[in-house]
Amino acid sequence: MSEAGPKIHPQTLSVHPEDRITPGWNAVQVPVARASTILFPDLASMRALNWRDDSQWRYGLHATPTSMALQQRLAALEGGQYTLLHPSGLSSITNVYLAFVRPGDDVLIPDNVYSPNRDLGDWYARDFGVSVRYYDPLIGERIADLIQPNTKLIWIEAPGSVTMEVPDVPAIARVARAKGVVTAIDSTYAAGIAFRPLEHGIDIVVQALTKYQSGGSDVMMGATITRDSALHTELKRARMLFGIGVSADDCALVLRSLPTMQLRYEAHDRSALSLATWLATRPEVEAVLHPALPSCPGHAHFARDFTGAGGLFSIVLNARYTSAQVDAFVEGLRFFKLGWSWGGALSLALPYDIRSMRTATSWPYDGVLVRFFVGLEDTRDLRDDIERSLTQHLAG
């Protein structure tokens, strides 16, 4: 018989447990690995760490088995090779700037860009010595005329998340690549389902996982996805130096939702297209901006490159209605709630003053724009809700 070891007191056992977990665990969901400190078998292993090597565990801030599983699945959905997770979609956008833009550089941003991205560009221009210029989102290959020797980054949003213009992504990517300029696209609208920008020459895809990937309106997260190891390394360096990380619990929530994402996306798509097509017949509506309809600017690009549209679209109401009347219409909706973001089960509606949101291009409509996100309610109830509020607040 072997001799028993020295007695270990209960408090020490609680810190140094001798777990004996039965092997063979194989559940449907990825286990939640919460960690800050990662333990190493010896000092040689610890000293051999290379932050560029994604196959090494270093510290919980940078990766855990839970976050790594999510990264790999997102890369597969987008047809990419490398993914980095961030605590929000905006954080992912910010990380792209941090990785590639320096004082004296030039950045091109579409005029229909997500408003916080515009705010970030304006901040860089005001306080950090960066030249930031806004361009017509439908510029296509003519973007070559805007590229300067110091242009380092071109942003694209496809479609614009409020005004819905669909850019010619392959044309912009082709020109940028020929001139050695990095392209980054906010492709949250397509969610890796309806459009895969990396297959069209884009360098970096940004996703707000807060939306369709989460699907529950209860998780904040973002991602950058690329095929280029050098670009990934620069993105990784910026994220590491700024101490950016995500919660394993939040990763687990997104992982749980991914298997149903395409089913939900297609349900949003069917319902939204049905409502948009009906709204195009309403006398109160001047224009319907749904990328799948010919009335939407850039529809030809959408028809060529996209396979679906999800639940987001906008309408422009007739100019005879005041902002107060439009507000009353939106507030009078029962099933469309007031709130930022989209991608969950709940339908949302918000009015926008587009003229105050653009600086490089004119807006052709005088009426107020209302953006709808169509959730997972019964389409018939949503249509009745819109019709009732239109009739009550915009009649005559």
# chains A, B, ... in the order shown; residues from 1 in each chain; ligands from 1
call {"tool": "residues_around", "arguments": {"residues": "Leu258 of chain A", "least_positions_apart": "5", "cutoff": "12 Å", "atoms": "only C-alpha atoms", "output": "list of chain:residue names"}}
result
A:Gln29, A:Ala69, A:Leu70, A:Gln71, A:Arg73, A:Leu74, A:Ala76, A:Leu77, A:Ala191, A:Gly192, A:Ile193, A:Leu209, A:Thr210, A:Lys211, A:Tyr212, A:Gln213, A:Ser214, A:Gly215, A:Gly216, A:Cys251, A:Ala252, A:Leu253, A:Leu263, A:Arg264, A:Tyr265
call {"tool": "select_by_dssp", "arguments": {"residues": "segment 3-202 of chain A", "states": "alpha helix (DSSP H)", "output": "PyMOL selection string"}}
result
chain A and resi 10-15+43-47+65-78+89-100+115-127+169-178
call {"tool": "write_last_selection", "arguments": {"atoms": "C-alpha atoms", "output": "CSV table (one decimal), in the first residue's frame"}}
result
chain,number,residue,atom,x,y,z
A,10,PRO,CA,-10.3,22.0,3.8
A,11,GLN,CA,-9.6,25.6,2.9
A,12,THR,CA,-6.7,24.6,0.7
A,13,LEU,CA,-8.7,21.8,-0.9
A,14,SER,CA,-11.3,24.3,-1.8
A,15,VAL,CA,-8.7,26.3,-3.8
A,43,LEU,CA,7.7,28.2,-17.1
A,44,ALA,CA,9.2,27.1,-20.5
A,45,SER,CA,5.6,27.0,-22.0
A,46,MET,CA,4.8,30.3,-20.5
A,47,ARG,CA,7.9,32.0,-21.8
A,65,PRO,CA,-12.8,27.5,-25.5
A,66,THR,CA,-16.3,29.1,-25.5
A,67,SER,CA,-15.2,32.2,-27.4
A,68,MET,CA,-13.0,30.2,-29.8
A,69,ALA,CA,-15.9,28.0,-30.7
A,70,LEU,CA,-18.0,31.1,-31.6
A,71,GLN,CA,-15.1,32.6,-33.5
A,72,GLN,CA,-14.7,29.5,-35.6
A,73,ARG,CA,-18.4,29.2,-36.4
A,74,LEU,CA,-18.7,32.8,-37.4
A,75,ALA,CA,-15.7,32.5,-39.7
A,76,ALA,CA,-17.3,29.5,-41.3
A,77,LEU,CA,-20.6,31.3,-41.9
A,78,GLU,CA,-18.8,34.2,-43.6
A,89,GLY,CA,-20.7,46.0,-33.0
A,90,LEU,CA,-19.4,49.6,-32.5
A,91,SER,CA,-16.4,48.2,-30.7
A,92,SER,CA,-15.6,46.1,-33.7
A,93,ILE,CA,-15.9,49.1,-36.0
A,94,THR,CA,-13.6,51.1,-33.6
A,95,ASN,CA,-11.0,48.3,-33.6
A,96,VAL,CA,-10.7,48.6,-37.4
A,97,TYR,CA,-9.9,52.3,-37.1
A,98,LEU,CA,-7.4,51.5,-34.2
A,99,ALA,CA,-5.6,48.9,-36.3
A,100,PHE,CA,-5.2,50.7,-39.6
A,115,SER,CA,-24.5,57.0,-37.4
A,116,PRO,CA,-22.0,56.0,-34.6
A,117,ASN,CA,-19.5,55.2,-37.4
A,118,ARG,CA,-20.0,58.7,-38.7
A,119,ASP,CA,-19.5,60.1,-35.3
A,120,LEU,CA,-16.3,58.1,-34.9
A,121,GLY,CA,-15.0,59.4,-38.3
A,122,ASP,CA,-15.8,63.0,-37.3
A,123,TRP,CA,-14.0,62.5,-34.0
A,124,TYR,CA,-10.9,61.1,-35.8
A,125,ALA,CA,-11.0,64.1,-38.2
A,126,ARG,CA,-11.4,66.7,-35.4
A,127,ASP,CA,-9.0,65.4,-32.8
A,169,VAL,CA,-19.5,46.1,-53.3
A,170,PRO,CA,-17.4,44.1,-55.9
A,171,ALA,CA,-16.6,47.2,-57.9
A,172,ILE,CA,-15.4,49.2,-54.8
A,173,ALA,CA,-13.5,46.2,-53.5
A,174,ARG,CA,-11.8,45.7,-56.9
A,175,VAL,CA,-10.7,49.3,-57.2
A,176,ALA,CA,-9.5,49.4,-53.5
A,177,ARG,CA,-7.5,46.2,-53.9
A,178,ALA,CA,-5.8,47.4,-57.1
call {"tool": "atom_distance", "arguments": {"atom1": "atom CA of Ala276 of chain A", "atom2": "atom CA of Pro137 of chain A"}}
result
22.4 Å
call {"tool": "residues_around", "arguments": {"residues": "Ile225 of chain A", "least_positions_apart": "4", "cutoff": "8 Å", "atoms": "only C-alpha atoms", "output": "list of chain:residue names"}}
result
A:Leu74, A:Ala75, A:Glu78, A:Gly80, A:Gln81, A:Tyr82, A:Thr83, A:Leu84, A:Ile204, A:Val205, A:Val206
call {"tool": "closest_residue", "arguments": {"among": "A:Pro291, A:Pro23, A:Gly104, A:Gly343", "to": "Ala267 of chain A", "atoms": "only C-alpha atoms"}}
result
A:Gly343
call {"tool": "select_by_dssp", "arguments": {"residues": "segment 44-159 of chain A", "states": "strand (DSSP E or B)", "output": "ChimeraX atom specification"}}
result
/A:82-86,106-110,131-135,151-157
call {"tool": "write_last_selection", "arguments": {"atoms": "N, CA and C atoms", "output": "PDB file, in the first residue's frame"}}
result
ATOM      1  N   TYR A  82     -10.349  33.967 -40.024  1.00  0.00           N
ATOM      2  CA  TYR A  82     -10.028  34.497 -38.699  1.00  0.00           C
ATOM      3  C   TYR A  82     -11.165  35.380 -38.197  1.00  0.00           C
ATOM      4  N   THR A  83     -11.501  35.227 -36.920  1.00  0.00           N
ATOM      5  CA  THR A  83     -12.534  36.051 -36.289  1.00  0.00           C
ATOM      6  C   THR A  83     -12.007  36.595 -34.971  1.00  0.00           C
ATOM      7  N   LEU A  84     -12.350  37.845 -34.684  1.00  0.00           N
ATOM      8  CA  LEU A  84     -12.112  38.435 -33.371  1.00  0.00           C
ATOM      9  C   LEU A  84     -13.441  38.931 -32.822  1.00  0.00           C
ATOM     10  N   LEU A  85     -13.678  38.688 -31.546  1.00  0.00           N
ATOM     11  CA  LEU A  85     -14.924  39.099 -30.901  1.00  0.00           C
ATOM     12  C   LEU A  85     -14.712  40.376 -30.109  1.00  0.00           C
ATOM     13  N   HIS A  86     -15.751  41.211 -30.073  1.00  0.00           N
ATOM     14  CA  HIS A  86     -15.710  42.484 -29.357  1.00  0.00           C
ATOM     15  C   HIS A  86     -17.010  42.650 -28.569  1.00  0.00           C
ATOM     16  N   ASP A 106      -6.008  58.987 -44.576  1.00  0.00           N
ATOM     17  CA  ASP A 106      -7.300  59.374 -45.148  1.00  0.00           C
ATOM     18  C   ASP A 106      -8.244  58.178 -45.094  1.00  0.00           C
ATOM     19  N   VAL A 107      -9.498  58.443 -44.753  1.00  0.00           N
ATOM     20  CA  VAL A 107     -10.529  57.403 -44.673  1.00  0.00           C
ATOM     21  C   VAL A 107     -11.724  57.836 -45.509  1.00  0.00           C
ATOM     22  N   LEU A 108     -12.295  56.909 -46.262  1.00  0.00           N
ATOM     23  CA  LEU A 108     -13.511  57.154 -47.042  1.00  0.00           C
ATOM     24  C   LEU A 108     -14.675  56.401 -46.404  1.00  0.00           C
ATOM     25  N   ILE A 109     -15.777  57.117 -46.180  1.00  0.00           N
ATOM     26  CA  ILE A 109     -16.945  56.564 -45.484  1.00  0.00           C
ATOM     27  C   ILE A 109     -18.190  56.860 -46.314  1.00  0.00           C
ATOM     28  N   PRO A 110     -19.083  55.891 -46.515  1.00  0.00           N
ATOM     29  CA  PRO A 110     -20.298  56.165 -47.281  1.00  0.00           C
ATOM     30  C   PRO A 110     -21.227  57.118 -46.539  1.00  0.00           C
ATOM     31  N   SER A 131      -7.800  62.631 -42.143  1.00  0.00           N
ATOM     32  CA  SER A 131      -8.704  63.154 -43.163  1.00  0.00           C
ATOM     33  C   SER A 131      -9.844  62.153 -43.355  1.00  0.00           C
ATOM     34  N   VAL A 132     -11.078  62.608 -43.168  1.00  0.00           N
ATOM     35  CA  VAL A 132     -12.251  61.751 -43.322  1.00  0.00           C
ATOM     36  C   VAL A 132     -13.170  62.379 -44.352  1.00  0.00           C
ATOM     37  N   ARG A 133     -13.493  61.620 -45.403  1.00  0.00           N
ATOM     38  CA  ARG A 133     -14.364  62.125 -46.461  1.00  0.00           C
ATOM     39  C   ARG A 133     -15.532  61.162 -46.672  1.00  0.00           C
ATOM     40  N   TYR A 134     -16.698  61.739 -46.911  1.00  0.00           N
ATOM     41  CA  TYR A 134     -17.907  60.942 -47.118  1.00  0.00           C
ATOM     42  C   TYR A 134     -18.227  60.884 -48.611  1.00  0.00           C
ATOM     43  N   TYR A 135     -18.652  59.709 -49.052  1.00  0.00           N
ATOM     44  CA  TYR A 135     -18.886  59.516 -50.487  1.00  0.00           C
ATOM     45  C   TYR A 135     -20.284  58.965 -50.755  1.00  0.00           C
ATOM     46  N   THR A 151      -4.837  57.420 -48.577  1.00  0.00           N
ATOM     47  CA  THR A 151      -6.075  56.721 -48.236  1.00  0.00           C
ATOM     48  C   THR A 151      -5.735  55.321 -47.749  1.00  0.00           C
ATOM     49  N   LYS A 152      -6.094  55.025 -46.516  1.00  0.00           N
ATOM     50  CA  LYS A 152      -5.737  53.750 -45.898  1.00  0.00           C
ATOM     51  C   LYS A 152      -6.933  52.830 -45.671  1.00  0.00           C
ATOM     52  N   LEU A 153      -8.138  53.394 -45.651  1.00  0.00           N
ATOM     53  CA  LEU A 153      -9.302  52.580 -45.296  1.00  0.00           C
ATOM     54  C   LEU A 153     -10.536  53.096 -46.020  1.00  0.00           C
ATOM     55  N   ILE A 154     -11.298  52.167 -46.597  1.00  0.00           N
ATOM     56  CA  ILE A 154     -12.589  52.483 -47.209  1.00  0.00           C
ATOM     57  C   ILE A 154     -13.655  51.675 -46.488  1.00  0.00           C
ATOM     58  N   TRP A 155     -14.617  52.393 -45.918  1.00  0.00           N
ATOM     59  CA  TRP A 155     -15.769  51.740 -45.296  1.00  0.00           C
ATOM     60  C   TRP A 155     -16.886  51.559 -46.316  1.00  0.00           C
ATOM     61  N   ILE A 156     -17.621  50.466 -46.153  1.00  0.00           N
ATOM     62  CA  ILE A 156     -18.806  50.180 -46.966  1.00  0.00           C
ATOM     63  C   ILE A 156     -19.891  49.704 -46.012  1.00  0.00           C
ATOM     64  N   GLU A 157     -21.133  50.031 -46.320  1.00  0.00           N
ATOM     65  CA  GLU A 157     -22.266  49.489 -45.573  1.00  0.00           C
ATOM     66  C   GLU A 157     -23.266  48.971 -46.600  1.00  0.00           C
TER      67      GLU A 157
END
call {"tool": "closest_residue", "arguments": {"among": "A:Ala144, A:Ile386, A:Val246, A:Ala292", "to": "Met220 of chain A", "atoms": "only C-alpha atoms"}}
result
A:Val246
call {"tool": "closest_residue", "arguments": {"among": "A:Ile244, A:Ala190, A:Val368, A:Leu61", "to": "Thr37 of chain A", "atoms": "only C-alpha atoms"}}
result
A:Leu61
call {"tool": "atom_distance", "arguments": {"atom1": "atom CA of Trp342 of chain A", "atom2": "atom CA of Gly375 of chain A"}}
result
8.4 Å
call {"tool": "residues_around", "arguments": {"residues": "segment 279-283 of chain A", "least_positions_apart": "2", "cutoff": "10 Å", "atoms": "only C-alpha atoms", "output": "PyMOL selection string"}}
result
chain A and resi 273-277+285-289+293+295+315+317-318+383+386-387+390+395-396
call {"tool": "closest_residue", "arguments": {"among": "A:Ala238, A:Ser389, A:Val166, A:Arg102", "to": "Phe302 of chain A", "atoms": "only C-alpha atoms"}}
result
A:Val166
call {"tool": "atom_distance", "arguments": {"atom1": "atom CA of Leu235 of chain A", "atom2": "atom CA of Arg52 of chain A"}}
result
10.7 Å
call {"tool": "closest_residue", "arguments": {"among": "A:Arg320, A:Arg388, A:His301, A:Arg239", "to": "Arg334 of chain A", "atoms": "only C-alpha atoms"}}
result
A:Arg388
call {"tool": "residues_around", "arguments": {"residues": "Glu165 of chain A", "least_positions_apart": "2", "cutoff": "6 Å", "atoms": "only C-alpha atoms", "output": "list in words"}}
result
Pro159, Gly160, Thr163, Pro297 and Gly298 of chain A
call {"tool": "closest_residue", "arguments": {"among": "A:Asp42, A:Asp250, A:Asp228, A:Glu234", "to": "Val101 of chain A", "atoms": "only C-alpha atoms"}}
result
A:Glu234
call {"tool": "residues_around", "arguments": {"residues": "Tyr59 of chain A", "least_positions_apart": "3", "cutoff": "7 Å", "atoms": "only C-alpha atoms", "output": "MDAnalysis selection string"}}
result
chainID A and resid 36:38 62:63
call {"tool": "decode", "arguments": {"residues": "segment 321-338 of chain A", "atoms": "N, CA and C atoms", "output": "CSV table (one decimal), in the first residue's frame"}}
result
chain,number,residue,atom,x,y,z
A,321,TYR,N,-47.4,65.3,-44.7
A,321,TYR,CA,-47.5,65.0,-43.3
A,321,TYR,C,-46.4,65.6,-42.5
A,322,THR,N,-46.7,66.3,-41.4
A,322,THR,CA,-45.7,66.9,-40.5
A,322,THR,C,-45.0,65.9,-39.7
A,323,SER,N,-43.9,66.3,-39.2
A,323,SER,CA,-43.1,65.4,-38.3
A,323,SER,C,-43.9,65.0,-37.1
A,324,ALA,N,-44.8,65.9,-36.6
A,324,ALA,CA,-45.6,65.6,-35.4
A,324,ALA,C,-46.6,64.5,-35.8
A,325,GLN,N,-47.2,64.6,-37.0
A,325,GLN,CA,-48.1,63.5,-37.5
A,325,GLN,C,-47.4,62.2,-37.6
A,326,VAL,N,-46.2,62.2,-38.1
A,326,VAL,CA,-45.5,61.0,-38.3
A,326,VAL,C,-45.1,60.4,-36.9
A,327,ASP,N,-44.7,61.2,-36.0
A,327,ASP,CA,-44.5,60.7,-34.7
A,327,ASP,C,-45.7,60.1,-34.1
A,328,ALA,N,-46.9,60.7,-34.3
A,328,ALA,CA,-48.1,60.1,-33.7
A,328,ALA,C,-48.4,58.8,-34.4
A,329,PHE,N,-48.1,58.7,-35.7
A,329,PHE,CA,-48.3,57.4,-36.3
A,329,PHE,C,-47.4,56.3,-35.7
A,330,VAL,N,-46.1,56.6,-35.5
A,330,VAL,CA,-45.2,55.7,-35.0
A,330,VAL,C,-45.5,55.3,-33.6
A,331,GLU,N,-45.9,56.3,-32.8
A,331,GLU,CA,-46.2,56.0,-31.4
A,331,GLU,C,-47.6,55.3,-31.2
A,332,GLY,N,-48.4,55.4,-32.3
A,332,GLY,CA,-49.7,54.8,-32.3
A,332,GLY,C,-49.7,53.3,-32.6
A,333,LEU,N,-48.5,52.8,-33.0
A,333,LEU,CA,-48.4,51.4,-33.4
A,333,LEU,C,-48.4,50.6,-32.1
A,334,ARG,N,-49.1,49.4,-32.1
A,334,ARG,CA,-49.2,48.6,-30.9
A,334,ARG,C,-48.0,47.6,-30.9
A,335,PHE,N,-47.7,46.9,-32.0
A,335,PHE,CA,-46.8,45.8,-32.0
A,335,PHE,C,-45.4,46.3,-32.4
A,336,PHE,N,-45.3,47.4,-33.0
A,336,PHE,CA,-44.0,47.9,-33.4
A,336,PHE,C,-43.5,48.9,-32.2
A,337,LYS,N,-42.5,48.5,-31.5
A,337,LYS,CA,-42.1,49.3,-30.3
A,337,LYS,C,-41.0,50.2,-30.7
A,338,LEU,N,-40.7,51.2,-29.8
A,338,LEU,CA,-39.7,52.2,-30.0
A,338,LEU,C,-38.4,51.7,-29.4
